[in-house]
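What's in run.csv: CSV, C-alpha atoms
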```
chain,number,residue,atom,x,y,z
K,23,MET,CA,35.3,-50.0,-18.9
K,24,ASP,CA,35.8,-46.9,-16.9
K,25,THR,CA,36.1,-43.6,-18.6
K,26,LEU,CA,39.0,-41.2,-18.0
K,27,TYR,CA,38.8,-37.5,-18.8
K,28,ILE,CA,42.1,-35.7,-18.9
K,29,ARG,CA,42.6,-31.9,-19.5
K,30,ILE,CA,45.9,-30.4,-20.4
K,31,PRO,CA,45.4,-26.7,-19.7
K,32,THR,CA,48.6,-25.5,-21.4
K,33,ILE,CA,51.5,-27.0,-23.3
K,34,ASN,CA,53.7,-28.7,-20.7
K,35,GLY,CA,51.1,-27.8,-18.1
K,36,LEU,CA,49.9,-29.8,-15.1
K,37,TRP,CA,47.2,-32.3,-16.1
K,38,GLN,CA,43.7,-32.4,-14.6
K,39,GLY,CA,41.8,-35.7,-14.4
K,40,TRP,CA,38.3,-37.1,-13.8
K,41,LEU,CA,37.3,-40.7,-13.6
K,42,LEU,CA,33.8,-41.9,-14.4
K,43,ALA,CA,33.4,-45.5,-13.1
K,44,ASN,CA,31.5,-47.9,-15.3
K,45,ASN,CA,28.7,-48.2,-12.7
K,46,SER,CA,28.6,-44.5,-11.8
K,47,THR,CA,26.8,-41.4,-13.2
K,48,GLN,CA,29.1,-38.8,-11.6
K,49,ALA,CA,32.7,-38.3,-12.5
K,50,LYS,CA,35.2,-38.2,-9.6
K,51,VAL,CA,38.0,-35.5,-9.5
K,52,LEU,CA,41.4,-37.2,-9.4
K,53,SER,CA,44.3,-36.0,-7.4
K,54,GLN,CA,47.7,-35.7,-9.2
K,55,HIS,CA,48.9,-38.8,-7.4
K,56,GLU,CA,45.8,-40.8,-8.5
K,57,LEU,CA,46.2,-39.6,-12.1
K,58,GLU,CA,49.9,-40.5,-12.2
K,59,ALA,CA,49.1,-44.0,-10.8
K,60,ILE,CA,46.6,-44.6,-13.6
K,61,MET,CA,49.0,-43.5,-16.3
K,62,ALA,CA,51.8,-45.6,-14.7
K,63,ALA,CA,49.5,-48.6,-15.1
K,64,LYS,CA,49.0,-47.5,-18.8
K,65,ALA,CA,45.4,-46.7,-18.2
K,66,ALA,CA,44.4,-50.4,-18.7
K,67,ASN,CA,40.8,-51.0,-19.5
K,68,MET,CA,39.9,-47.4,-19.7
K,69,ARG,CA,38.4,-45.2,-22.4
K,70,ILE,CA,40.2,-41.9,-22.5
K,71,HIS,CA,38.8,-38.5,-23.6
K,72,LEU,CA,41.6,-35.9,-24.0
K,73,LEU,CA,40.9,-32.1,-23.7
K,74,LEU,CA,43.6,-30.2,-25.5
K,75,PRO,CA,44.7,-26.6,-24.7
K,76,THR,CA,42.6,-24.3,-26.9
K,77,SER,CA,45.3,-21.7,-26.6
K,78,ALA,CA,47.5,-24.0,-28.8
K,79,CYS,CA,44.9,-24.1,-31.5
K,80,VAL,CA,43.7,-21.7,-34.3
K,81,ILE,CA,40.0,-21.6,-34.8
K,82,ALA,CA,38.9,-19.4,-37.7
K,83,PRO,CA,35.9,-19.0,-40.1
K,84,VAL,CA,36.8,-18.9,-43.8
K,85,ASN,CA,34.7,-17.8,-46.7
K,86,ILE,CA,34.3,-20.9,-48.9
K,87,THR,CA,31.1,-22.5,-50.3
K,88,LYS,CA,30.2,-26.1,-49.5
K,89,GLN,CA,30.9,-27.0,-53.1
K,90,GLN,CA,34.3,-25.5,-53.1
K,91,LEU,CA,35.0,-27.2,-49.8
K,92,LYS,CA,34.2,-30.6,-51.3
K,93,GLN,CA,36.7,-30.0,-54.1
K,94,LEU,CA,39.6,-29.4,-51.7
K,95,SER,CA,41.8,-32.3,-50.6
K,96,GLU,CA,42.6,-32.8,-47.0
K,97,ASN,CA,46.1,-31.3,-47.5
K,98,ASP,CA,44.7,-28.2,-49.1
K,99,ILE,CA,42.5,-27.2,-46.1
K,100,ALA,CA,45.4,-25.8,-44.3
K,101,TYR,CA,46.0,-23.2,-47.0
K,102,LEU,CA,42.7,-21.6,-46.1
K,103,LEU,CA,44.5,-20.3,-42.9
K,104,GLU,CA,47.5,-18.8,-44.7
K,105,ASP,CA,46.3,-15.3,-43.5
K,106,GLN,CA,45.6,-16.5,-40.0
K,107,VAL,CA,49.0,-18.0,-38.9
K,108,LEU,CA,52.6,-16.9,-39.0
K,109,THR,CA,54.1,-20.4,-39.5
K,110,SER,CA,54.1,-22.6,-42.6
K,111,VAL,CA,50.6,-24.1,-43.2
K,112,GLU,CA,52.2,-27.3,-44.3
K,113,GLN,CA,53.0,-27.9,-40.6
K,114,LEU,CA,49.3,-27.7,-39.5
K,115,HIS,CA,46.9,-30.5,-38.7
K,116,CYS,CA,43.4,-29.4,-39.6
K,117,VAL,CA,39.8,-30.5,-39.0
K,118,TYR,CA,36.9,-28.5,-40.4
K,119,GLN,CA,33.1,-28.2,-40.6
K,120,SER,CA,30.9,-26.3,-43.0
K,121,LEU,CA,28.8,-23.6,-41.2
K,122,ASP,CA,26.5,-22.6,-44.0
K,123,GLU,CA,26.5,-22.3,-47.8
K,124,GLN,CA,29.2,-19.6,-47.8
K,125,GLN,CA,31.4,-20.3,-44.7
K,126,ALA,CA,33.3,-23.0,-43.0
K,127,LEU,CA,35.1,-23.2,-39.7
K,128,VAL,CA,38.7,-24.6,-39.6
K,129,LEU,CA,40.4,-25.8,-36.5
K,130,ALA,CA,44.2,-26.2,-36.7
K,131,ILE,CA,47.1,-27.1,-34.5
K,132,GLN,CA,50.8,-27.5,-35.2
K,133,GLN,CA,51.5,-31.2,-36.0
K,134,ASN,CA,54.5,-31.4,-33.8
K,135,VAL,CA,52.6,-29.8,-30.9
K,136,LEU,CA,49.7,-32.4,-31.3
K,137,ASP,CA,52.2,-35.2,-31.6
K,138,ASP,CA,53.9,-34.1,-28.3
K,139,LEU,CA,50.5,-33.9,-26.6
K,140,LEU,CA,49.5,-37.4,-27.7
K,141,GLN,CA,52.9,-39.0,-27.1
K,142,PRO,CA,52.1,-40.1,-23.5
K,143,PHE,CA,49.1,-42.0,-24.8
K,144,LYS,CA,50.8,-44.0,-27.6
K,145,ASP,CA,51.8,-47.0,-25.5
K,146,ILE,CA,48.7,-47.2,-23.2
K,147,GLN,CA,46.6,-50.3,-22.9
K,148,GLY,CA,43.4,-48.3,-22.8
K,149,GLU,CA,41.6,-46.7,-25.7
K,150,LEU,CA,42.2,-43.0,-26.6
K,151,LEU,CA,38.8,-42.1,-28.2
K,152,CYS,CA,39.1,-38.4,-28.8
K,153,ALA,CA,41.2,-35.2,-28.4
K,154,VAL,CA,39.0,-32.1,-28.4
K,155,PRO,CA,39.9,-28.4,-27.5
K,156,ASP,CA,38.9,-27.7,-24.0
K,157,ILE,CA,36.8,-24.6,-25.0
K,158,PHE,CA,34.0,-27.0,-25.8
K,159,LEU,CA,33.6,-27.7,-22.1
K,160,LEU,CA,31.9,-24.3,-21.9
K,161,PRO,CA,28.2,-24.7,-22.6
K,162,VAL,CA,26.6,-23.2,-25.7
K,163,ASN,CA,24.3,-20.2,-25.3
K,164,PRO,CA,21.7,-20.6,-28.0
K,165,GLN,CA,20.9,-16.8,-27.7
K,166,GLY,CA,24.5,-15.5,-27.9
K,167,TRP,CA,27.8,-15.8,-26.0
K,168,SER,CA,28.9,-17.9,-23.0
K,169,LEU,CA,31.6,-16.3,-20.8
K,170,LEU,CA,33.7,-17.6,-17.9
K,171,VAL,CA,36.7,-15.8,-16.4
K,172,ASP,CA,38.6,-17.8,-13.7
K,173,ASN,CA,41.9,-17.1,-12.0
K,174,THR,CA,44.0,-17.9,-15.0
K,175,ASP,CA,41.9,-17.9,-18.2
K,176,CYS,CA,39.1,-16.1,-20.0
K,177,TRP,CA,36.7,-18.6,-21.8
K,178,LEU,CA,34.5,-17.2,-24.5
K,179,ARG,CA,32.2,-19.4,-26.6
K,180,LEU,CA,30.5,-17.6,-29.4
K,181,ASN,CA,28.4,-20.3,-30.8
K,182,GLN,CA,28.0,-24.1,-31.3
K,183,THR,CA,31.3,-24.5,-33.1
K,184,TRP,CA,33.5,-21.5,-32.2
K,185,GLY,CA,35.2,-20.4,-29.0
K,186,VAL,CA,38.4,-18.8,-27.7
K,187,ARG,CA,40.4,-19.2,-24.5
K,188,LEU,CA,43.1,-16.6,-23.5
K,189,GLU,CA,44.8,-15.5,-20.4
K,190,ALA,CA,42.5,-13.8,-17.9
K,191,ASN,CA,44.4,-10.5,-18.1
K,192,ALA,CA,43.5,-10.3,-21.8
K,193,ALA,CA,39.7,-10.7,-21.1
K,194,VAL,CA,38.7,-7.1,-22.0
K,195,ALA,CA,40.8,-7.1,-25.2
K,196,LEU,CA,39.2,-10.4,-26.2
K,197,LEU,CA,35.7,-9.2,-25.6
K,198,ASP,CA,36.4,-6.0,-27.6
K,199,SER,CA,37.6,-7.9,-30.5
K,200,ALA,CA,34.7,-10.4,-30.4
K,201,TRP,CA,32.2,-7.6,-30.0
K,202,GLN,CA,33.5,-5.8,-33.1
K,203,GLU,CA,33.3,-8.9,-35.3
K,204,HIS,CA,30.3,-10.8,-33.8
K,205,PRO,CA,28.2,-8.5,-31.5
K,206,THR,CA,25.5,-10.2,-29.5
K,207,SER,CA,22.5,-9.1,-27.4
K,208,HIS,CA,22.8,-11.9,-24.8
K,209,ILE,CA,25.6,-13.2,-22.6
K,210,GLN,CA,25.5,-16.0,-20.1
K,211,VAL,CA,28.2,-15.4,-17.4
K,212,TYR,CA,29.3,-18.3,-15.2
K,213,GLY,CA,30.4,-17.5,-11.7
K,214,GLU,CA,32.1,-14.2,-10.7
K,215,VAL,CA,34.1,-12.1,-13.0
K,216,SER,CA,36.8,-9.4,-12.4
K,217,THR,CA,35.8,-5.7,-12.0
K,218,ASP,CA,37.2,-4.7,-15.4
K,219,VAL,CA,35.0,-7.4,-17.1
K,220,GLN,CA,32.0,-6.2,-15.1
K,221,ALA,CA,32.7,-2.6,-16.2
K,222,TRP,CA,32.9,-3.8,-19.8
K,223,LEU,CA,29.6,-5.6,-19.6
K,224,LYS,CA,27.8,-2.5,-18.2
K,225,MET,CA,29.1,-0.3,-21.0
K,226,GLN,CA,27.4,-2.3,-23.7
K,227,ASP,CA,24.0,-1.1,-24.9
K,228,ASN,CA,21.0,-3.4,-25.3
K,229,LEU,CA,22.8,-6.4,-23.7
K,230,THR,CA,21.0,-8.9,-21.6
K,231,ILE,CA,23.3,-10.6,-19.0
K,232,ASP,CA,22.4,-13.8,-17.2
K,233,VAL,CA,24.7,-14.6,-14.2
K,234,LEU,CA,24.8,-18.3,-13.6
K,235,PRO,CA,26.4,-20.4,-10.8
K,236,GLU,CA,30.1,-21.5,-11.1
K,237,LEU,CA,30.4,-24.1,-13.8
K,238,ASP,CA,30.8,-27.8,-12.9
K,239,TRP,CA,33.0,-29.2,-15.7
K,240,THR,CA,31.8,-32.8,-15.0
K,241,ASN,CA,28.3,-31.9,-16.3
K,242,GLN,CA,29.8,-31.1,-19.7
K,243,PHE,CA,31.7,-34.4,-20.3
K,244,SER,CA,28.8,-35.9,-22.2
K,245,GLN,CA,29.6,-33.3,-25.0
K,246,ILE,CA,33.1,-34.7,-25.4
K,247,HIS,CA,33.1,-37.8,-27.5
K,248,ASN,CA,34.7,-39.5,-30.5
K,249,LYS,CA,32.0,-38.2,-32.9
K,250,HIS,CA,32.6,-34.5,-31.9
K,251,PRO,CA,33.0,-32.5,-35.2
K,252,PHE,CA,36.3,-31.1,-33.9
K,253,ASN,CA,37.9,-34.3,-32.7
K,254,MET,CA,41.5,-33.9,-33.7
K,255,LEU,CA,42.2,-37.7,-34.0
K,256,LYS,CA,41.7,-37.8,-37.7
K,257,GLY,CA,43.9,-38.3,-40.7
K,258,ASP,CA,47.5,-39.0,-39.7
K,259,PHE,CA,46.5,-38.8,-36.0
K,260,ALA,CA,43.6,-41.3,-36.2
K,261,VAL,CA,43.6,-43.9,-33.5
K,262,LYS,CA,43.2,-47.6,-34.5
K,263,THR,CA,41.3,-49.4,-31.7
K,264,LYS,CA,41.5,-53.1,-31.1
K,265,SER,CA,38.6,-55.4,-32.1
K,266,SER,CA,38.0,-59.1,-32.4
K,267,LEU,CA,35.6,-61.5,-34.0
K,268,SER,CA,35.0,-65.2,-33.2
K,269,GLY,CA,32.8,-68.1,-34.2
K,270,TYR,CA,30.6,-68.0,-37.2
K,271,TRP,CA,31.1,-64.2,-37.5
K,272,ARG,CA,34.8,-64.9,-38.1
K,273,TYR,CA,34.0,-67.2,-41.1
K,274,ALA,CA,31.5,-64.7,-42.4
K,275,ALA,CA,34.1,-61.9,-42.2
K,276,ILE,CA,36.7,-64.1,-44.0
K,277,PHE,CA,34.2,-64.8,-46.8
K,278,VAL,CA,33.3,-61.2,-47.2
K,279,GLY,CA,37.0,-60.2,-47.1
K,280,ILE,CA,37.8,-62.7,-49.9
K,281,ALA,CA,34.9,-61.4,-52.0
K,282,PHE,CA,35.9,-57.9,-51.4
K,283,ALA,CA,39.6,-58.6,-52.2
K,284,THR,CA,38.5,-60.2,-55.5
K,285,GLN,CA,36.4,-57.2,-56.5
K,286,VAL,CA,39.2,-54.9,-55.5
K,287,GLY,CA,41.7,-56.8,-57.6
K,288,TYR,CA,39.3,-56.7,-60.6
K,289,ASP,CA,38.8,-52.9,-60.2
K,290,SER,CA,42.4,-52.2,-59.5
K,291,ALA,CA,43.5,-53.1,-63.0
K,292,ARG,CA,41.0,-50.6,-64.5
K,293,LEU,CA,41.7,-47.9,-61.9
K,294,TRP,CA,45.5,-48.2,-62.6
K,295,HIS,CA,44.8,-47.2,-66.2
K,296,TYR,CA,42.5,-44.4,-65.3
K,297,ASN,CA,44.9,-43.1,-62.6
K,298,LYS,CA,47.6,-43.0,-65.2
K,299,MET,CA,45.4,-41.0,-67.5
K,300,ILE,CA,44.5,-38.6,-64.7
K,301,LYS,CA,48.2,-38.0,-63.8
K,302,GLN,CA,49.0,-37.4,-67.4
K,303,THR,CA,46.1,-35.0,-67.8
K,304,LYS,CA,47.1,-33.2,-64.6
K,305,ALA,CA,50.7,-32.9,-65.8
K,306,GLU,CA,49.6,-31.5,-69.1
K,307,SER,CA,47.2,-29.0,-67.4
K,308,THR,CA,49.9,-27.9,-65.1
K,309,LYS,CA,52.3,-27.3,-68.0
K,310,LEU,CA,49.6,-25.3,-69.9
K,311,TYR,CA,48.8,-23.3,-66.8
K,312,LYS,CA,52.5,-22.4,-66.3
K,313,SER,CA,52.8,-21.3,-69.9
K,314,LEU,CA,49.7,-19.1,-69.5
K,315,PHE,CA,50.8,-17.7,-66.1
K,316,PRO,CA,54.6,-17.9,-65.9
K,317,GLU,CA,54.7,-15.4,-63.1
K,318,GLU,CA,53.1,-18.0,-60.7
K,319,GLN,CA,55.8,-20.3,-59.5
K,320,ARG,CA,53.7,-22.2,-56.9
K,321,ILE,CA,50.6,-24.3,-57.8
K,322,VAL,CA,48.6,-25.4,-54.7
K,323,ASN,CA,45.2,-26.0,-56.2
K,324,LEU,CA,45.1,-25.8,-60.0
K,325,ARG,CA,41.4,-25.5,-60.3
K,326,ARG,CA,41.0,-22.9,-57.7
K,327,GLN,CA,43.8,-20.8,-59.1
K,328,ILE,CA,42.4,-21.0,-62.6
K,329,GLU,CA,39.0,-19.9,-61.3
K,330,SER,CA,40.7,-17.0,-59.5
K,331,HIS,CA,42.2,-15.8,-62.8
K,332,LEU,CA,38.9,-16.1,-64.6
K,333,ALA,CA,37.2,-14.2,-61.8
K,334,GLU,CA,39.8,-11.4,-62.1
K,335,ARG,CA,39.2,-11.1,-65.8
K,336,GLN,CA,35.5,-11.2,-65.4
K,337,ASN,CA,35.6,-8.5,-62.7
K,338,ALA,CA,37.6,-6.4,-65.1
K,339,GLY,CA,34.8,-6.8,-67.7
K,340,GLN,CA,37.0,-8.8,-70.1
K,341,GLY,CA,38.1,-12.3,-70.6
K,342,PHE,CA,37.1,-15.6,-72.1
K,343,MET,CA,33.8,-16.2,-70.2
K,344,PRO,CA,32.0,-12.9,-71.0
K,345,ILE,CA,33.0,-13.0,-74.7
K,346,ALA,CA,32.3,-16.8,-75.1
K,347,THR,CA,28.8,-16.4,-73.4
K,348,ARG,CA,27.7,-13.8,-76.0
K,349,VAL,CA,29.3,-15.7,-78.9
K,350,GLY,CA,27.5,-18.8,-77.8
K,351,GLU,CA,24.1,-17.0,-77.7
K,352,VAL,CA,24.6,-16.0,-81.3
K,353,LEU,CA,25.8,-19.4,-82.5
K,354,ASN,CA,22.8,-21.1,-81.0
K,355,THR,CA,20.5,-19.0,-83.2
K,356,GLY,CA,21.9,-19.9,-86.7
K,357,ASN,CA,23.1,-22.6,-89.0
K,358,TRP,CA,26.8,-22.2,-88.2
K,359,GLN,CA,28.9,-25.1,-87.1
K,360,THR,CA,31.7,-24.3,-84.7
K,361,GLN,CA,35.0,-26.0,-85.6
K,362,ARG,CA,37.4,-24.4,-83.2
K,363,MET,CA,37.6,-21.6,-80.5
K,364,ASP,CA,40.8,-20.2,-79.1
K,365,PHE,CA,41.4,-17.4,-76.7
K,366,ASP,CA,44.5,-15.3,-76.0
K,367,ASN,CA,45.4,-11.7,-75.1
K,368,ASN,CA,44.2,-10.5,-78.5
K,369,GLY,CA,40.7,-11.9,-78.0
K,370,LEU,CA,38.8,-14.9,-79.2
K,371,LEU,CA,39.5,-16.7,-82.5
K,372,LEU,CA,36.5,-18.4,-83.9
K,373,GLU,CA,36.5,-20.9,-86.8
K,374,VAL,CA,33.1,-21.9,-88.2
K,375,ASP,CA,31.5,-23.5,-91.2
K,376,ALA,CA,28.7,-21.7,-93.0
K,377,MET,CA,26.6,-22.4,-96.0
K,378,SER,CA,27.7,-19.3,-97.9
K,379,LEU,CA,29.6,-16.0,-97.6
K,380,SER,CA,26.4,-14.2,-96.9
K,381,ASP,CA,25.8,-16.5,-93.9
K,382,LEU,CA,29.3,-15.8,-92.7
K,383,GLU,CA,28.7,-12.1,-93.0
K,384,GLN,CA,25.4,-12.4,-91.2
K,385,LEU,CA,27.2,-14.1,-88.3
K,386,ARG,CA,29.7,-11.2,-88.2
K,387,GLN,CA,26.9,-8.7,-88.1
K,388,GLN,CA,25.0,-10.5,-85.3
K,389,LEU,CA,28.2,-10.7,-83.2
K,390,SER,CA,28.8,-7.0,-83.7
K,391,GLY,CA,25.2,-6.4,-82.6
K,392,GLN,CA,26.2,-8.1,-79.3
K,393,GLY,CA,28.7,-5.3,-78.6
K,394,LEU,CA,31.7,-7.3,-79.9
K,395,ASN,CA,34.3,-6.1,-82.3
K,396,THR,CA,34.3,-8.8,-85.0
K,397,GLU,CA,36.8,-9.0,-87.9
K,398,THR,CA,36.7,-11.6,-90.6
K,399,LEU,CA,40.3,-13.0,-91.0
K,400,SER,CA,39.6,-15.5,-93.8
K,401,ALA,CA,36.9,-17.3,-95.7
K,402,ASN,CA,37.7,-20.4,-97.8
K,403,SER,CA,35.7,-23.0,-99.6
K,404,GLN,CA,35.2,-26.1,-97.6
K,405,GLY,CA,33.3,-28.8,-99.5
K,406,THR,CA,29.9,-27.3,-100.3
K,407,GLY,CA,30.2,-24.5,-97.9
K,408,ILE,CA,32.5,-21.9,-96.5
K,409,ARG,CA,35.0,-22.1,-93.6
K,410,GLY,CA,35.6,-18.7,-92.0
K,411,ARG,CA,37.9,-17.5,-89.3
K,412,LEU,CA,36.9,-14.5,-87.2
K,413,ARG,CA,38.7,-12.4,-84.5
K,414,ILE,CA,36.3,-11.3,-81.7
K,415,THR,CA,37.1,-8.8,-79.0
K,416,GLU,CA,35.1,-6.6,-76.6
K,417,ASN,CA,34.5,-3.0,-77.3
K,418,SER,CA,36.9,-0.9,-75.3
```
What would the structure in this file look like if it were written as structure tokens?
Amino acid sequence: MDTLYIRIPTINGLWQGWLLANNSTQAKVLSQHELEAIMAAKAANMRIHLLLPTSACVIAPVNITKQQLKQLSENDIAYLLEDQVLTSVEQLHCVYQSLDEQQALVLAIQQNVLDDLLQPFKDIQGELLCAVPDIFLLPVNPQGWSLLVDNTDCWLRLNQTWGVRLEANAAVALLDSAWQEHPTSHIQVYGEVSTDVQAWLKMQDNLTIDVLPELDWTNQFSQIHNKHPFNMLKGDFAVKTKSSLSGYWRYAAIFVGIAFATQVGYDSARLWHYNKMIKQTKAESTKLYKSLFPEEQRIVNLRRQIESHLAERQNAGQGFMPIATRVGEVLNTGNWQTQRMDFDNNGLLLEVDAMSLSDLEQLRQQLSGQGLNTETLSANSQGTGIRGRLRITENS
């Protein structure tokens, strides 16, 4: 099968096309007439790689750990960009990649925009393999930035996963912004640049500039493939390709399918029960959360919002976690048996069983020694011992 590369520079813009024949190593530039003829024939027997307009995308780093990223559902990823976009995040289609232990990069595009860009390819007879922002045609500079300024656009690639494309007349503003947030000591410049960009480059101290020949886009096509980390054809936009099996492999597939379906049927009965319990627990947790924080009308990610409230209290030096930690340290050193522990705005209420009143008083004194205000609310006989209730708060 031949391979077709199509770039859409701007929304509703004029397409650019390149064709890589199956027996060739060099892609051929297609004229508008040739490209229209291929699409009129529904790109039969062709693998299509689509390059989307980067200007229609939002690419932003977000501060989130790998562990937190794993806990988010696909629908929650868009909320990481609430501060980056002016429209509703529910209308975004997102892909993402973890950069390190503390950051991730999120790439988003309006769902209706992506749907419009993909519409001409929904009835083709070829295979649409990927849709990747065209900024990834600009080669990576392992030492810093890559820069290209042509007649219409300014291309700036900051690293392996991040880049920006804006109009050429905004080149200096783009460079200023990138320099403030991610300064570099090395820039690779492809082809000639305008005089204002040349002046900007000369003004930067300790900057090494490598001027390279004009970029040949066809040499970068090998970087655009269906396994690209920012291939937008995922989730609701994933492409289902045709496949077929025959002969003995067909019977083997049928046998495996029956075995798998049997196992799924067996597991489904158990999973149905567990899913029912999960939904019930989630509903109860949401109800409890609303009662604790009635001022919050919107729940996006229950766990993340609870952690946020705990962090706020911990930063203020008060709250359940710091008190409970010190109480736990004391309880682990004696012969007290914890029966119940509640927390509200008045502090922590601890209910324990002790051998005697003197043991209960010893617990109160040790908690006070941890810098906690401890008040014995009650002490009643319980079997052969004493059950006591203590109110514990932090020293103001």
Report, in Å with one decimal, the straight-line distance from CA of Lys144 (chain K) to CA of Thr240 (chain K).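 So the answer is 25.4 Å.
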Residue contacts of Thr174 (chain K) (10 Å, only C-alpha atoms) excluding same-chain residues fewer than 4 positions away, as an MDAnalysis selection string: chainID K and resid 188:191
Given only C-alpha atoms as the basis, pick out the residue of K:Leu26, K:Leu412, K:Cys79, K:Cys116 nearest to Glu56 (chain K). K:Leu26
What does the structure give for the distance between CA of Ser168 (chain K) and CA of Ser199 (chain K), in Å to one decimal?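 Result for CA of Ser168 (chain K) versus CA of Ser199 (chain K): 15.2 Å, one decimal.
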Separation of CA of Asn395 (chain K) from CA of Thr415 (chain K) in Å: 5.1 Å
Find the spatial neighbours of Val219 (chain K), counting all atoms listed in the file, within a cut-off of 9 Å - ignore same-chain residues fewer than 6 positions away - and output them as a list in words. Val171, Ala193, Val194 and Leu197 of chain K
Compile the contact shell of region 33-35 of chain K as a JSON list (two decimals) with C-alpha atoms, keeping the file's coordinate frame: residues with an atom at most 10 Å away, counting all atoms listed in the file, same-chain residues fewer than 2 positions apart removed.
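What ended up in around_15.json:
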```json
[["chain", "number", "residue", "atom", "x", "y", "z"],
["K", 29, "ARG", "CA", 42.60, -31.90, -19.50],
["K", 30, "ILE", "CA", 45.90, -30.40, -20.40],
["K", 31, "PRO", "CA", 45.40, -26.70, -19.70],
["K", 37, "TRP", "CA", 47.20, -32.30, -16.10],
["K", 38, "GLN", "CA", 43.70, -32.40, -14.60],
["K", 74, "LEU", "CA", 43.60, -30.20, -25.50],
["K", 75, "PRO", "CA", 44.70, -26.60, -24.70],
["K", 76, "THR", "CA", 42.60, -24.30, -26.90],
["K", 77, "SER", "CA", 45.30, -21.70, -26.60],
["K", 78, "ALA", "CA", 47.50, -24.00, -28.80],
["K", 135, "VAL", "CA", 52.60, -29.80, -30.90],
["K", 136, "LEU", "CA", 49.70, -32.40, -31.30],
["K", 138, "ASP", "CA", 53.90, -34.10, -28.30],
["K", 139, "LEU", "CA", 50.50, -33.90, -26.60]]
```
What lies within 10 Å of Glu112 (chain K) using only C-alpha atoms, ignoring chain neighbours under 3 positions off, as a ChimeraX atom specification? /K:97-101,104,109,115,132-133
Write out the residues from the selection above, keeping C-alpha atoms, as a short mmCIF file (atom, residue, chain, number, x, y, z; two decimals), keeping the file's coordinate frame.
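Ended up saving to part_25.cif:
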```cif
data_model
loop_
_atom_site.label_atom_id
_atom_site.label_comp_id
_atom_site.auth_asym_id
_atom_site.auth_seq_id
_atom_site.Cartn_x
_atom_site.Cartn_y
_atom_site.Cartn_z
CA ASN K 97 46.10 -31.30 -47.50
CA ASP K 98 44.70 -28.20 -49.10
CA ILE K 99 42.50 -27.20 -46.10
CA ALA K 100 45.40 -25.80 -44.30
CA TYR K 101 46.00 -23.20 -47.00
CA GLU K 104 47.50 -18.80 -44.70
CA THR K 109 54.10 -20.40 -39.50
CA HIS K 115 46.90 -30.50 -38.70
CA GLN K 132 50.80 -27.50 -35.20
CA GLN K 133 51.50 -31.20 -36.00
#
```
When you count only C-alpha atoms, which of these residues is closest to Phe252 (chain K): K:Asn67, K:Ser120, K:Gln125, K:Thr308? K:Ser120
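Each of K:Gly393, K:Phe259, K:Leu73, K:Ser400 was compared to Asn417 (chain K) using all atoms listed in the file, and K:Gly393 turns out to be the nearest.
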Using all atoms listed in the file, which residues sit within 12 Å of Tyr212 (chain K) once same-chain residues fewer than 5 positions away are excluded, as a VMD selection string? chain K and resid 160 to 163 167 to 172 176 to 179 231 to 239
Here is a test: counting all atoms listed in the file, which residue of K:Glu397, K:Leu121, K:Val84, K:Ile131 is nearest to Leu103 (chain K)? K:Val84
Among listed residues K:Leu379, K:Leu371, K:Leu151, K:Ile345, nearest Leu394 (chain K) (using all atoms listed in the file):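 Comparing K:Leu379, K:Leu371, K:Leu151, K:Ile345 against Leu394 (chain K), the winner is K:Ile345.
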Of K:Asp258, K:Ala66, K:Ala401, K:Ser390, the one sitting nearest Asp145 (chain K) when using only C-alpha atoms is K:Ala66
